[in-house]
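Coordinates as given in run.csv (CSV, C-alpha atoms and all ligand atoms):
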chain,number,residue,atom,x,y,z
A,1,MET,CA,7.1,10.8,21.3
A,2,GLU,CA,10.3,11.8,19.6
A,3,LYS,CA,12.6,10.3,16.9
A,4,LYS,CA,15.8,8.8,18.2
A,5,GLU,CA,18.0,7.3,15.5
A,6,MET,CA,17.1,6.5,11.9
A,7,ILE,CA,17.1,2.8,11.6
A,8,TYR,CA,16.0,2.3,8.0
A,9,GLU,CA,15.6,4.5,4.9
A,10,GLY,CA,13.5,3.1,2.1
A,11,LYS,CA,12.5,4.6,-1.2
A,12,ALA,CA,9.5,6.6,0.2
A,13,LYS,CA,9.9,6.5,3.9
A,14,LYS,CA,12.4,6.8,6.8
A,15,VAL,CA,12.0,4.8,10.0
A,16,TYR,CA,13.2,6.0,13.4
A,17,SER,CA,13.6,4.3,16.7
A,18,THR,CA,11.9,5.9,19.8
A,19,ASP,CA,12.3,5.6,23.5
A,20,ASP,CA,9.8,2.7,23.4
A,21,GLU,CA,11.4,-0.4,21.9
A,22,ASN,CA,8.1,-1.6,20.6
A,23,LEU,CA,7.3,1.6,18.6
A,24,CYS,CA,8.9,3.4,15.7
A,25,ILE,CA,8.2,6.6,13.9
A,26,VAL,CA,7.8,6.5,10.1
A,27,SER,CA,8.5,9.7,8.2
A,28,TYR,CA,7.0,9.9,4.7
A,29,LYS,CA,9.2,11.5,2.0
A,30,ASP,CA,8.2,13.2,-1.3
A,31,ASP,CA,10.7,11.0,-3.2
A,32,ALA,CA,9.1,8.7,-5.8
A,33,THR,CA,10.6,5.8,-7.6
A,34,ALA,CA,9.2,3.4,-10.2
A,35,PHE,CA,10.4,0.2,-12.0
A,36,ASN,CA,12.4,-0.9,-9.0
A,37,GLY,CA,14.2,2.4,-8.5
A,38,LEU,CA,15.1,2.9,-12.1
A,39,LYS,CA,13.0,6.0,-12.4
A,40,LYS,CA,13.4,8.6,-9.7
A,41,GLY,CA,11.6,11.8,-9.0
A,42,THR,CA,9.8,13.9,-6.5
A,43,ILE,CA,6.1,14.5,-6.0
A,44,ALA,CA,5.7,17.7,-4.0
A,45,GLY,CA,3.4,17.1,-1.0
A,46,LYS,CA,3.2,13.3,-1.5
A,47,GLY,CA,4.7,12.5,1.9
A,48,ALA,CA,1.9,14.3,3.6
A,49,VAL,CA,-0.9,12.9,1.5
A,50,ASN,CA,0.4,9.3,1.8
A,51,ASN,CA,0.9,9.6,5.6
A,52,ARG,CA,-2.5,11.0,6.2
A,53,MET,CA,-4.3,8.7,3.7
A,54,SER,CA,-2.6,5.7,5.1
A,55,ASN,CA,-3.5,6.5,8.6
A,56,MET,CA,-7.2,7.2,7.7
A,57,ILE,CA,-7.4,3.8,5.9
A,58,MET,CA,-5.6,1.9,8.7
A,59,LYS,CA,-8.0,3.5,11.3
A,60,LEU,CA,-11.0,2.5,9.2
A,61,LEU,CA,-9.6,-1.1,8.8
A,62,GLU,CA,-9.0,-1.3,12.6
A,63,LYS,CA,-12.7,-0.5,13.1
A,64,GLU,CA,-13.6,-3.3,10.7
A,65,GLY,CA,-11.5,-5.8,12.7
A,66,VAL,CA,-8.2,-5.7,10.8
A,67,ALA,CA,-5.1,-5.5,13.1
A,68,THR,CA,-2.7,-2.8,11.8
A,69,HIS,CA,0.6,-1.2,12.9
A,70,TYR,CA,-1.1,2.3,13.3
A,71,VAL,CA,-0.6,4.0,16.7
A,72,GLU,CA,-0.7,7.8,16.4
A,73,GLU,CA,-0.3,10.5,13.8
A,74,LEU,CA,2.3,13.0,15.0
A,75,SER,CA,2.3,15.5,12.2
A,76,ASP,CA,1.7,15.8,8.4
A,77,ARG,CA,4.5,13.4,7.6
A,78,ASP,CA,5.3,11.5,10.8
A,79,THR,CA,3.4,8.6,12.4
A,80,VAL,CA,4.0,6.3,15.4
A,81,VAL,CA,3.6,2.7,14.4
A,82,LYS,CA,4.2,-0.7,16.1
A,83,LYS,CA,7.6,-2.0,15.4
A,84,VAL,CA,7.4,-5.1,13.2
A,85,LYS,CA,9.6,-7.2,11.0
A,86,ILE,CA,8.2,-6.8,7.5
A,87,VAL,CA,7.3,-10.2,5.9
A,88,PRO,CA,8.9,-10.2,2.5
A,89,LEU,CA,5.7,-11.1,0.7
A,90,GLU,CA,3.7,-8.4,-0.9
A,91,VAL,CA,0.0,-9.2,-1.4
A,92,ILE,CA,-1.7,-7.7,-4.4
A,93,VAL,CA,-5.5,-7.7,-4.9
A,94,ARG,CA,-7.1,-6.7,-8.2
A,95,ASN,CA,-10.7,-5.8,-9.0
A,96,ILE,CA,-10.0,-4.5,-12.6
A,97,SER,CA,-7.3,-5.4,-15.1
A,98,ALA,CA,-4.4,-3.0,-15.2
A,99,GLY,CA,-0.6,-2.7,-14.9
A,100,SER,CA,1.4,-6.0,-14.8
A,101,PHE,CA,-1.8,-8.1,-15.1
A,102,ALA,CA,-2.8,-6.5,-18.4
A,103,LYS,CA,0.8,-6.8,-19.7
A,104,ARG,CA,1.4,-10.4,-18.6
A,105,TYR,CA,-1.8,-11.7,-20.0
A,106,GLY,CA,-2.1,-9.4,-23.0
A,107,VAL,CA,-5.4,-7.9,-22.1
A,108,GLU,CA,-6.6,-4.3,-22.1
A,109,GLU,CA,-6.8,-2.3,-18.8
A,110,GLY,CA,-10.3,-1.8,-17.4
A,111,ILE,CA,-11.8,-5.3,-17.5
A,112,GLU,CA,-13.9,-5.7,-14.3
A,113,PHE,CA,-13.4,-9.1,-12.8
A,114,THR,CA,-16.3,-11.2,-11.4
A,115,GLU,CA,-14.3,-11.8,-8.3
A,116,PRO,CA,-11.1,-10.1,-7.0
A,117,THR,CA,-7.8,-11.8,-7.7
A,118,VAL,CA,-5.1,-12.3,-5.1
A,119,GLU,CA,-1.4,-12.7,-5.8
A,120,PHE,CA,1.9,-12.6,-4.0
A,121,SER,CA,5.2,-10.9,-4.9
A,122,TYR,CA,8.5,-11.8,-3.3
A,123,LYS,CA,9.7,-8.5,-1.8
A,124,ASN,CA,13.3,-8.5,-3.0
A,125,ASP,CA,14.7,-5.5,-4.8
A,126,ALA,CA,17.7,-7.4,-6.2
A,127,LEU,CA,15.3,-9.8,-8.0
A,128,GLY,CA,12.8,-7.1,-8.9
A,129,ASP,CA,9.9,-8.3,-6.6
A,130,PRO,CA,9.0,-11.4,-8.7
A,131,LEU,CA,5.5,-12.9,-8.7
A,132,ILE,CA,5.6,-15.9,-6.4
A,133,ASN,CA,3.0,-18.6,-5.8
A,134,SER,CA,1.9,-20.0,-2.4
A,135,SER,CA,3.9,-23.2,-2.6
A,136,HIS,CA,7.1,-21.4,-3.5
A,137,ALA,CA,6.5,-18.9,-0.7
A,138,TYR,CA,6.1,-21.9,1.7
A,139,ALA,CA,9.2,-23.6,0.2
A,140,LEU,CA,11.3,-20.5,0.8
A,141,GLY,CA,10.1,-20.3,4.4
A,142,LEU,CA,8.5,-16.9,3.9
A,143,ALA,CA,5.3,-18.0,5.6
A,144,THR,CA,3.5,-21.0,7.0
A,145,LYS,CA,0.6,-22.4,5.1
A,146,GLU,CA,-1.8,-21.0,7.7
A,147,GLU,CA,-0.1,-17.6,7.4
A,148,ILE,CA,-0.5,-17.6,3.6
A,149,GLU,CA,-4.2,-18.4,3.9
A,150,LYS,CA,-4.7,-15.7,6.6
A,151,LYS,CA,-2.9,-13.1,4.4
A,152,LYS,CA,-5.1,-13.9,1.5
A,153,LYS,CA,-8.2,-13.7,3.6
A,154,THR,CA,-7.2,-10.4,5.3
A,155,ALA,CA,-6.2,-8.9,1.9
A,156,LEU,CA,-9.7,-9.7,0.5
A,157,LYS,CA,-11.3,-8.1,3.7
A,158,VAL,CA,-9.1,-5.0,3.2
A,159,ASN,CA,-10.3,-5.0,-0.4
A,160,GLU,CA,-14.0,-5.1,0.6
A,161,VAL,CA,-13.6,-2.3,3.1
A,162,MET,CA,-11.5,-0.1,0.9
A,163,LYS,CA,-13.6,-0.7,-2.3
A,164,LYS,CA,-16.8,0.4,-0.5
A,165,TYR,CA,-15.2,3.4,1.0
A,166,PHE,CA,-13.5,4.7,-2.2
A,167,TYR,CA,-16.8,4.2,-4.0
A,168,THR,CA,-18.4,6.7,-1.7
A,169,LEU,CA,-15.7,9.2,-2.7
A,170,GLY,CA,-16.4,8.6,-6.4
A,171,ILE,CA,-13.3,6.4,-6.8
A,172,LYS,CA,-12.9,2.9,-8.3
A,173,LEU,CA,-10.4,0.8,-6.4
A,174,VAL,CA,-8.7,-1.0,-9.3
A,175,ASP,CA,-5.9,-2.8,-7.4
A,176,PHE,CA,-3.6,-2.4,-4.5
A,177,LYS,CA,-0.5,-3.9,-2.7
A,178,ILE,CA,-0.2,-4.4,1.0
A,179,GLU,CA,2.5,-5.7,3.3
A,180,PHE,CA,2.3,-7.4,6.6
A,181,GLY,CA,4.7,-7.3,9.6
A,182,LYS,CA,5.4,-9.7,12.5
A,183,LEU,CA,5.3,-8.5,16.1
A,184,PRO,CA,7.8,-9.9,18.6
A,185,ASP,CA,5.0,-12.3,19.8
A,186,GLY,CA,4.6,-13.7,16.3
A,187,LYS,CA,1.3,-12.0,15.6
A,188,ILE,CA,1.0,-10.7,12.0
A,189,ILE,CA,-0.5,-7.3,11.4
A,190,LEU,CA,-1.0,-5.0,8.4
A,191,ALA,CA,2.0,-2.7,8.0
A,192,ASP,CA,3.7,-0.4,5.5
A,193,GLU,CA,1.4,2.1,3.8
A,194,ILE,CA,-1.8,2.3,1.8
A,195,SER,CA,-1.7,5.3,-0.5
A,196,PRO,CA,-1.8,6.4,-4.2
A,197,ASP,CA,1.7,4.9,-4.4
A,198,THR,CA,0.4,1.5,-3.6
A,199,CYS,CA,-3.2,1.5,-5.0
A,200,ARG,CA,-4.6,2.2,-8.4
A,201,LEU,CA,-7.5,4.6,-8.0
A,202,TRP,CA,-9.7,5.7,-11.0
A,203,ASP,CA,-12.3,8.3,-11.0
A,204,LEU,CA,-15.7,6.6,-11.0
A,205,LYS,CA,-17.2,8.6,-13.9
A,206,THR,CA,-14.2,9.5,-16.1
A,207,ASN,CA,-11.7,6.7,-15.3
A,208,GLU,CA,-9.1,9.4,-14.8
A,209,LYS,CA,-6.1,7.9,-13.0
A,210,LEU,CA,-5.6,9.4,-9.5
A,211,ASP,CA,-2.5,7.5,-8.5
A,212,LYS,CA,1.2,6.8,-9.1
A,213,ASP,CA,0.6,5.6,-12.6
A,214,ARG,CA,0.6,9.2,-13.6
A,215,PHE,CA,4.3,9.3,-12.4
A,216,ARG,CA,5.2,5.9,-13.7
A,217,ARG,CA,3.8,6.7,-17.2
A,218,ASP,CA,4.8,10.4,-17.4
A,219,MET,CA,1.2,11.5,-17.7
A,220,GLY,CA,1.6,14.8,-15.9
A,221,GLY,CA,-0.8,16.1,-13.3
A,222,VAL,CA,0.9,13.9,-10.6
A,223,GLU,CA,0.6,16.3,-7.7
A,224,GLU,CA,-2.9,17.2,-8.7
A,225,ALA,CA,-4.0,13.6,-8.6
A,226,TYR,CA,-2.5,13.0,-5.1
A,227,ASN,CA,-4.2,16.3,-3.9
A,228,GLU,CA,-7.5,15.3,-5.5
A,229,VAL,CA,-7.5,11.9,-3.6
A,230,PHE,CA,-6.7,13.8,-0.4
A,231,ARG,CA,-9.4,16.4,-1.0
A,232,ARG,CA,-12.0,13.7,-1.4
A,233,LEU,CA,-10.8,11.8,1.6
A,234,THR,CA,-10.9,14.9,3.8
A,235,ASN,CA,-13.9,16.5,2.2
A,236,GLU,CA,-11.9,19.7,1.9
A,301,LIG,P1,1.3,-4.1,-10.9
A,301,LIG,O1,0.1,-4.1,-11.8
A,301,LIG,O2,2.4,-3.2,-11.4
A,301,LIG,O3,1.7,-5.4,-10.5
A,301,LIG,O4,0.8,-3.3,-9.5
A,301,LIG,C1,-0.2,-3.8,-8.8
A,301,LIG,C2,-0.5,-2.9,-7.6
A,301,LIG,O5,0.6,-2.8,-6.7
A,301,LIG,C3,-0.7,-1.4,-8.0
A,301,LIG,O6,-1.8,-0.9,-7.3
A,301,LIG,C4,0.6,-0.7,-7.6
A,301,LIG,C5,1.1,-1.5,-6.5
A,301,LIG,N1,2.6,-1.6,-6.5
A,301,LIG,C6,3.3,-1.2,-5.4
A,301,LIG,O7,2.7,-0.8,-4.4
A,301,LIG,N2,4.6,-1.3,-5.4
A,301,LIG,C7,5.3,-1.8,-6.5
A,301,LIG,O8,6.5,-1.9,-6.5
A,301,LIG,C8,4.6,-2.2,-7.6
A,301,LIG,C9,5.3,-2.8,-8.9
A,301,LIG,C10,3.2,-2.1,-7.6
Just dump the structure as C-alpha cells.
Amino acid sequence: MEKKEMIYEGKAKKVYSTDDENLCIVSYKDDATAFNGLKKGTIAGKGAVNNRMSNMIMKLLEKEGVATHYVEELSDRDTVVKKVKIVPLEVIVRNISAGSFAKRYGVEEGIEFTEPTVEFSYKNDALGDPLINSSHAYALGLATKEEIEKKKKTALKVNEVMKKYFYTLGIKLVDFKIEFGKLPDGKIILADEISPDTCRLWDLKTNEKLDKDRFRRDMGGVEEAYNEVFRRLTNE
C-alpha cells in the first residue's frame, strides 16, 4: 500500500490517503511539542519508537477484545490504519498522581490511587484542550450518553491491559491519554497513538521518568528514555 496525498499534518504525525478510501497511512515524525505547541523541539528517533510501540500495544489490545484502528505496519515510521473521524474527546486514565492532576489539586506526584481515575478533555487546540465533564460533553454533542459510558469502560480496560503488560517490563503505568475515532458505519474504535508521548511511564524500581515529561520539563536524557522503553518492549 502506498501514500497518495497528505490529508492532515498534526504536531507529531502526518496522515496520507491511499487507494483504499477506508484506509490511511500515518507517518510518525520526530517533532515534539508541549504546552499546546508553545514548546517545540525534535526527539531523534521518536517517530520510529512511537510508531512501533503504538502498533505493539494496539495489537495487544485487539487480542484482549478492544477494537482499534491498527491494520498493518509498513515501515519504522509508517502504518496503515482504518480511516476514522477523530472524536474530539481525549480520555485520560490515571493510576498515580502526576502532571495536571498534581498541579490542579495541590498534591505531590507519586500518590498511588486505590482505583484508577477517568477524565475527559475537549480536544480543541484553540481552547488548550480543557478538562470537560460528561454532561458538558453531552451538551456540546461530542458524544451520546452511551458513547461516553462506553469510552470510560474501554479506557479502564485499556488501563488494565497496559498496566499489567508494562509491569512485566519493569515499568509503572502512571497515566495515559487515548483518543477514539468513528468509522463510517458509526462504530467507535481506539485511534491515534499510544506512546511515551501519550503515557507517563516510570521505572518500577527507581521511578525514573521514561516518557515525554523529560522533554516537557527539560530534564535531559529524552532520546535515551524513548529508546529504553523501546528496548524493554522489544527485549533488544
Ligand atoms: P496531564 O497530567 O498533563 O493532564 O497529562 C495526562 C496524560 O495525558 C499524560 O500521560 C500525558 C498525556 N497527554 C497527552 O497525551 N497529550 C497532551 O496534550 C497532554 C496535555 C497530556
Q. In Å, how far is it from CA of Lys83 in chain A to CA of Cys199 in chain A?
A. 23.3 Å
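Interatomic distance, CA of Leu142 in chain A against CA of Tyr122 in chain A: 8.8 Å.
Atom P1 of ligand LIG 301 (chain A) is positioned 8.9 Å from CA of Ala102 in chain A.
Compared by their closest atoms to Thr18 in chain A, and using only C-alpha atoms, the residues A:Lys177, A:His136, A:Arg52, A:Lys4 rank with A:Lys4 nearest.
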Q | Selection: 10 Å around Glu179 in chain A, all atoms listed in the file, excl. self and same-chain fewer than 5 positions, as JSON, numbers by chain | A | {"A": [86, 87, 88, 89, 90, 91, 92, 123, 151, 155, 189, 190, 191, 192, 193, 194]}
Write to file, as a PDB file, keeping the file's coordinate frame, the residues of the selection just made, with C-alpha atoms.
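Writing done, so here's selection-v7.pdb:
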ATOM      1  CA  ILE A  86       8.200  -6.800   7.500  1.00  0.00           C
ATOM      2  CA  VAL A  87       7.300 -10.200   5.900  1.00  0.00           C
ATOM      3  CA  PRO A  88       8.900 -10.200   2.500  1.00  0.00           C
ATOM      4  CA  LEU A  89       5.700 -11.100   0.700  1.00  0.00           C
ATOM      5  CA  GLU A  90       3.700  -8.400  -0.900  1.00  0.00           C
ATOM      6  CA  VAL A  91       0.000  -9.200  -1.400  1.00  0.00           C
ATOM      7  CA  ILE A  92      -1.700  -7.700  -4.400  1.00  0.00           C
ATOM      8  CA  LYS A 123       9.700  -8.500  -1.800  1.00  0.00           C
ATOM      9  CA  LYS A 151      -2.900 -13.100   4.400  1.00  0.00           C
ATOM     10  CA  ALA A 155      -6.200  -8.900   1.900  1.00  0.00           C
ATOM     11  CA  ILE A 189      -0.500  -7.300  11.400  1.00  0.00           C
ATOM     12  CA  LEU A 190      -1.000  -5.000   8.400  1.00  0.00           C
ATOM     13  CA  ALA A 191       2.000  -2.700   8.000  1.00  0.00           C
ATOM     14  CA  ASP A 192       3.700  -0.400   5.500  1.00  0.00           C
ATOM     15  CA  GLU A 193       1.400   2.100   3.800  1.00  0.00           C
ATOM     16  CA  ILE A 194      -1.800   2.300   1.800  1.00  0.00           C
TER      17      ILE A 194
END
Q.
What residues of the protein or nucleic acid chains come within 9 Å of ligand LIG 301 (chain A) when you use only C-alpha atoms and all ligand atoms? Reply as a ChimeraX atom specification.
A. /A:33-36,90-94,97-103,121,123,128-129,131,173-178,193-201,211-213
Can you spit out the residues from that selection as a PDB file, in the frame of the given file, using C-alpha atoms?
ATOM      1  CA  THR A  33      10.600   5.800  -7.600  1.00  0.00           C
ATOM      2  CA  ALA A  34       9.200   3.400 -10.200  1.00  0.00           C
ATOM      3  CA  PHE A  35      10.400   0.200 -12.000  1.00  0.00           C
ATOM      4  CA  ASN A  36      12.400  -0.900  -9.000  1.00  0.00           C
ATOM      5  CA  GLU A  90       3.700  -8.400  -0.900  1.00  0.00           C
ATOM      6  CA  VAL A  91       0.000  -9.200  -1.400  1.00  0.00           C
ATOM      7  CA  ILE A  92      -1.700  -7.700  -4.400  1.00  0.00           C
ATOM      8  CA  VAL A  93      -5.500  -7.700  -4.900  1.00  0.00           C
ATOM      9  CA  ARG A  94      -7.100  -6.700  -8.200  1.00  0.00           C
ATOM     10  CA  SER A  97      -7.300  -5.400 -15.100  1.00  0.00           C
ATOM     11  CA  ALA A  98      -4.400  -3.000 -15.200  1.00  0.00           C
ATOM     12  CA  GLY A  99      -0.600  -2.700 -14.900  1.00  0.00           C
ATOM     13  CA  SER A 100       1.400  -6.000 -14.800  1.00  0.00           C
ATOM     14  CA  PHE A 101      -1.800  -8.100 -15.100  1.00  0.00           C
ATOM     15  CA  ALA A 102      -2.800  -6.500 -18.400  1.00  0.00           C
ATOM     16  CA  LYS A 103       0.800  -6.800 -19.700  1.00  0.00           C
ATOM     17  CA  SER A 121       5.200 -10.900  -4.900  1.00  0.00           C
ATOM     18  CA  LYS A 123       9.700  -8.500  -1.800  1.00  0.00           C
ATOM     19  CA  GLY A 128      12.800  -7.100  -8.900  1.00  0.00           C
ATOM     20  CA  ASP A 129       9.900  -8.300  -6.600  1.00  0.00           C
ATOM     21  CA  LEU A 131       5.500 -12.900  -8.700  1.00  0.00           C
ATOM     22  CA  LEU A 173     -10.400   0.800  -6.400  1.00  0.00           C
ATOM     23  CA  VAL A 174      -8.700  -1.000  -9.300  1.00  0.00           C
ATOM     24  CA  ASP A 175      -5.900  -2.800  -7.400  1.00  0.00           C
ATOM     25  CA  PHE A 176      -3.600  -2.400  -4.500  1.00  0.00           C
ATOM     26  CA  LYS A 177      -0.500  -3.900  -2.700  1.00  0.00           C
ATOM     27  CA  ILE A 178      -0.200  -4.400   1.000  1.00  0.00           C
ATOM     28  CA  GLU A 193       1.400   2.100   3.800  1.00  0.00           C
ATOM     29  CA  ILE A 194      -1.800   2.300   1.800  1.00  0.00           C
ATOM     30  CA  SER A 195      -1.700   5.300  -0.500  1.00  0.00           C
ATOM     31  CA  PRO A 196      -1.800   6.400  -4.200  1.00  0.00           C
ATOM     32  CA  ASP A 197       1.700   4.900  -4.400  1.00  0.00           C
ATOM     33  CA  THR A 198       0.400   1.500  -3.600  1.00  0.00           C
ATOM     34  CA  CYS A 199      -3.200   1.500  -5.000  1.00  0.00           C
ATOM     35  CA  ARG A 200      -4.600   2.200  -8.400  1.00  0.00           C
ATOM     36  CA  LEU A 201      -7.500   4.600  -8.000  1.00  0.00           C
ATOM     37  CA  ASP A 211      -2.500   7.500  -8.500  1.00  0.00           C
ATOM     38  CA  LYS A 212       1.200   6.800  -9.100  1.00  0.00           C
ATOM     39  CA  ASP A 213       0.600   5.600 -12.600  1.00  0.00           C
TER      40      ASP A 213
END
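Distance annotation: of A:Leu127, A:Leu38, A:Ile43, A:Ala32, the residue with the minimal separation from Glu224 in chain A is A:Ile43; atom set is all atoms listed in the file.
Residue nearest Glu62 in chain A, chosen from A:Val161, A:Leu156, A:Val118, A:Ala137 and counting all atoms listed in the file: A:Val161.
Closest approach to Pro184 in chain A among A:Asn22, A:Thr154, A:Asn235, A:Ser135: A:Asn22, based on all atoms listed in the file.
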Q: Mind checking which residues fall within 12 Å of Asp20 in chain A, counting all atoms listed in the file, ignoring those fewer than 4 positions away in the same chain, and posting them as JSON, numbers by chain?
A: {"A": [1, 2, 3, 4, 16, 24, 25, 80, 81, 82, 83]}
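Minimum distance to Val84 in chain A across A:Leu23, A:Leu204, A:Val66, A:Ile132 (counting all atoms listed in the file) occurs at A:Leu23.
Closest approach to Lys172 in chain A among A:Ala12, A:Ile148, A:Leu210, A:Leu60: A:Leu210, based on all atoms listed in the file.
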